[in-house]
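S.K.: Here it is, the structure in full.
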Amino acid sequence: MSAMWLLSTAFMSLFFQASAAQQKDNLDNPWDYFHACFFSLWEYRLYVYLALTVSICIWIVAQKIQKRKEFGNPENPFQNENFVQKQSIHVSGVKIFYGSQTGTAKRFANDLAKQVEGLGLSSDVINLKEYDPEDSLAEENTSQSVCVFLMATYTDGKPTENAEWFCKWLEEASADFRYGKTYLKGLRYAVFGLGNSVYTGHYNTVCKNVDKWLWMLSARRIMTRGEGDCNVVKSKNSSIEGDFAVWMAKFLKRLQALAKGEKKVCTGKCKKGKCKNKKSHAKEKEVQETPGSENEFETTSDEESGHEEEASHRAVIDVEDLGNHMKRAKKILEVEDHHAEVQVSKQAVSNNDHSDVREMVTPALRDALTKQGYKLIGSHSGVKLCRWTKSMLRGRGGCYKHTFYGIESHQCMETTPSLACANKCVFCWRHHTNPVGTEWRWKMDQPEKILEEAIENHKNLIKQFKGVPGVKLERYEEGMSVKHCALSLVGEPIMYPEINKFLKLLHQKKISSFLVTNAQFPEEIRSLQPVTQLYVSVDASTKESLKKIDRPLFKDFWQRFLDSLKALEGKQQRTVYRLTLVKSWNVDEVKAYSELVSLGKPDFIEVKGVTYCGESSASNLTMANIPWHEEVLYFVQQLADLLPDYEIASEHEHSNCLLIAHRKFKVEGKWRTWINYERFHELMKEFEKSNGLKTFTAEDYTAETPSWAVFGAKERGFDPVESRFQRKNKAKDISGC
């Protein structure tokens with residue numbers, strides 16, 4: 001600027017000197033000389049104004065050129081660090097808080113942090129368990145940072161364990177007058193929830209509450225709340241990972257806008273992204289983003305987070321403000337009516353479109369299950385090699401089914417036609433990697449394909465043991481022929497719509513069927529065709545403990561549970577109650593368990609101590625919850641004493657399992673808990689030929705239990721033909737049926 005000023009000054013000086021020189025010769029008086037100069041300046045004032053204007057314009061252009069050279073492209077504030085330093089800072093960083101039970105929210109938090117750092121902003125991932133909101137949250141009001149809350153919803157719509165205190169404090173603060181309604185005014189935040197829509201009454205409850213409580217404390221939401229859905233059927237982007245990816249892209253775009261100083265969200269319809277009509281855009285956005293009563297707190301407007309919030313917090317409305325209040329109420333009703341119309345139209349479209357049926361197993365879930373050793377079949381089935389199959393191939397003993405019922409473990413295929421389940425049990429050895437659901441809403445594979453590929457995959461797994469040291473050749477050759485099928489791998493097999501056809505195909509190939517159900521589908525149990533042995537998992541004896549242990553998805557889970565037990569009584573083939581004991585949870589419910597036996601009148605009752613599957617964020621079980629075998633034995637003795645028609649029949653100490661059998665299976669003082677599999681297949685053939693008219697009962701295909709398998713024998717359930725193998729300093733393989 002100084003160079004331009006000197007240039008213009010020199011120009012005017014020369015001009016005045018030339019003008020005054022003409023009169024200097026005739027003016028000897030100094031006052032007359034000064035008067036002449038002043039007169040010349042006034043006479044040529046237009047030239048003076050022009051020189052000044054040109055100088056100012058040149059200075060402005062020079063400043064803009066210099067700024068472009070120093071800071072680069074102003075459209076991207078993250079290209080040059082000097083821009084952030086020299087300009088006023090609108091976003092100092094992003095703090096990402098997560099509440100996670102299974103680790104998904106934590107993983108999302110780390111992914112988001114990497115993306116934020118890629119924009120040149122700092123990020124901080126914070127476990128809510130290690131964060132004190134009372135001391136620290138209010139500091140975010142003036143920190144210029146953006147807070148992101150990734151909140152998972154746990155059992156019964158409650159927060160995860162690491163977020164319990166944060167949510168409790170936030171809820172109390174939002175209703176405590178001592179904090180005040182503007183306690184978090186200035187805090188900018190965004191919320192993303194992780195939930196499962198099959199829990200209709202608790203879907204993403206935690207994220208909705210956190211969003212609401214923050215809003216009540218005058219924090220300002222920077223964008224619409226995101227809700228991820230683990231239910232692949234209803235997830236808008238096929239998986240919760242897809243839901244988060246879409247939300248994260250929107251968040252990063254909004255973050256960039258905030259970093260440039262933009263306060264409101266542009267709809268994108270304006271030229272060059274500049275809003276000329278902010279009021280109309282605000283109205284459009286309000287209509288677009290208001291999702292009804294469920295999300296009644298959605299807003300991104302500065303005005304709404306200021307004046308209107310204060311008005312909404314007042315319990316009494318002034319008469320002077322009554323008109324404004326009525327206008328706002330009318331506006332809200334119009335928005336809700338608009339949303340209702342949109343929802344109805346969307347529902348109509350979805351009802352007419354049945355072609356968009358998704359697969360049960362998403363790519364991410366497929367990768368996770370494959371890493372666990374599953375051989376996936378089609379889109380919803382799987383097979384896996386049981387560790388007892390491996391054990392018996394080496395001649396090291398079979399599973400408890402070998403001891404109780406005489407199956408050959410090395411010829412048993414563990415599979416399922418449905419990976420989905422209606423429960424999320426705390427002791428699930430799959431750590432809840434399988435999908436969940438209350439009804440079949442996925443693409444369905446045909447039973448012929450499932451069985452064919454299951455047998456093929458099972459044989460391929462057996463082939464891997466050819467030549468392995470310790471594997472007996474005769475056992476290997478026998479293992480290539482499947483004789484038994486344990487439909488207990490994972491999930492709920494009875495959910496598969498073609499389960500009866502699948503069972504029929506098994507029996508036609510002379511493969512026995514051991515089907516396990518979780519007692520949540522009574523109608524399916526009633527309509528089930530004969531199976532070799534039908535199990536019902538009875539994990540608890542009271543409504544409260546069942547809800548705590550199985551964490552069922554159905555709201556009427558207890559009635560379904562009772563109806564499933566009653567349905568078992570009508571089955572003529574072998575039926576089993578399977579009890580899983582969890583120490584400090586259900587081992588004291590002996591009397592209640594005995595009362596449940598009268599509902600289903602099962603042929604057998606298996607009582608097994610829960611298996612510890614290692615640490616998992618999906619469960620809070622520890623080794624302290626695992627009962628010793630003697631503790632399981634004590635429980636079984638107490639239960640048998642309360643059941644006059646039952647008696648302890650067998651024991652498999654290695655599996656921490658005992659069998660209580662109905663006395664009708666004790667013939668002439670000898671137990672007949674084993675199964676005559678050849679006789680069963682003959683009876684099934686006659687049943688099929690007669691179109692179900694020629695029925696048979698559990699007593700028609702029994703076999704005598706060998707002495708070593710009877711309770712009280714010195715072998716304690718270990719087949720003396722096998723060689724006992726003791727593991728030393730090796731992690732236990734906890735897979736199996």
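Going by the structure tokens order, chains are called A, B, ..., each with residues numbered from 1, while ligands are numbered from 1 in the order shown.
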Residues of region 468-687 of chain A classed as strand (DSSP E or B) by DSSP on the backbone are to be reported as a VMD selection string.

M.R.: chain A and resid 484 to 487 512 to 517 533 to 537 574 to 581 604 to 609 616 619 646 to 652 657 to 662 666 to 667 670 to 671 674 to 675

S.K.: For Phe502 (chain A), work out the shell of residues within 12 Å, counting only C-alpha atoms and skipping chain neighbours fewer than 2 positions away, then give it as a ChimeraX atom specification.

M.R.: /A:415-418,445-452,454,485,487,493-494,496-500,504-509,511-513,515,528-531

S.K.: Residues at most 12 Å from Val246 (chain A), counting only C-alpha atoms, excluding those fewer than 6 positions away in the same chain, as a ChimeraX atom specification?

M.R.: /A:112,192,226-228,235-240,252-253

S.K.: Would you mind exporting the chosen residues as a PDB file, in the first residue's frame, restricted to C-alpha atoms?

M.R.:
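Final output, saved to part00.pdb:
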```pdb
ATOM      1  CA  LEU A 112     -14.418 -42.177  12.294  1.00  0.00           C
ATOM      2  CA  PHE A 192     -25.319 -42.291  15.993  1.00  0.00           C
ATOM      3  CA  GLY A 226     -28.241 -41.612  12.736  1.00  0.00           C
ATOM      4  CA  GLU A 227     -29.646 -45.030  13.631  1.00  0.00           C
ATOM      5  CA  GLY A 228     -27.833 -48.205  12.607  1.00  0.00           C
ATOM      6  CA  SER A 235     -31.405 -52.009   7.611  1.00  0.00           C
ATOM      7  CA  LYS A 236     -31.560 -49.209   5.038  1.00  0.00           C
ATOM      8  CA  ASN A 237     -28.079 -50.064   3.808  1.00  0.00           C
ATOM      9  CA  SER A 238     -28.109 -53.875   4.186  1.00  0.00           C
ATOM     10  CA  SER A 239     -26.065 -53.875   7.405  1.00  0.00           C
ATOM     11  CA  ILE A 240     -25.192 -51.727  10.388  1.00  0.00           C
ATOM     12  CA  LEU A 252     -17.723 -35.458   7.451  1.00  0.00           C
ATOM     13  CA  LYS A 253     -19.398 -33.223   4.892  1.00  0.00           C
TER      14      LYS A 253
END
```

S.K.: Can you list, as a list in words, every protein, DNA or RNA residue that comes within 6 Å of region 113-123 of chain A when you count only C-alpha atoms, leaving out same-chain residues fewer than 3 positions away?

M.R.: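 Residues near the query, excluding close chain neighbours: Phe78, Gly93, Val94, Lys95 and Asn110 of chain A.
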
S.K.: Counting only C-alpha atoms, which of A:Ser218, A:Ser598, A:Ser197, A:Thr517 gets nearest to Val233 (chain A)?

M.R.: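 Among A:Ser218, A:Ser598, A:Ser197, A:Thr517, it is A:Ser197 that comes nearest to Val233 (chain A).
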
S.K.: How many Å lie between CA of Trp671 (chain A) and CA of Ser707 (chain A), rounded to one decimal?

M.R.: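 These two atoms are separated by 9.1 Å.
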
S.K.: Grab the CA of Arg578 (chain A) to CA of Tyr535 (chain A) distance for me, in Å with one decimal place.

M.R.: 6.5 Å

S.K.: Would you mind reading off the distance between CA of Trp674 (chain A) and CA of Glu715 (chain A), one decimal, in Å?

M.R.: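 CA of Glu715 (chain A) lies 17.2 Å from CA of Trp674 (chain A).
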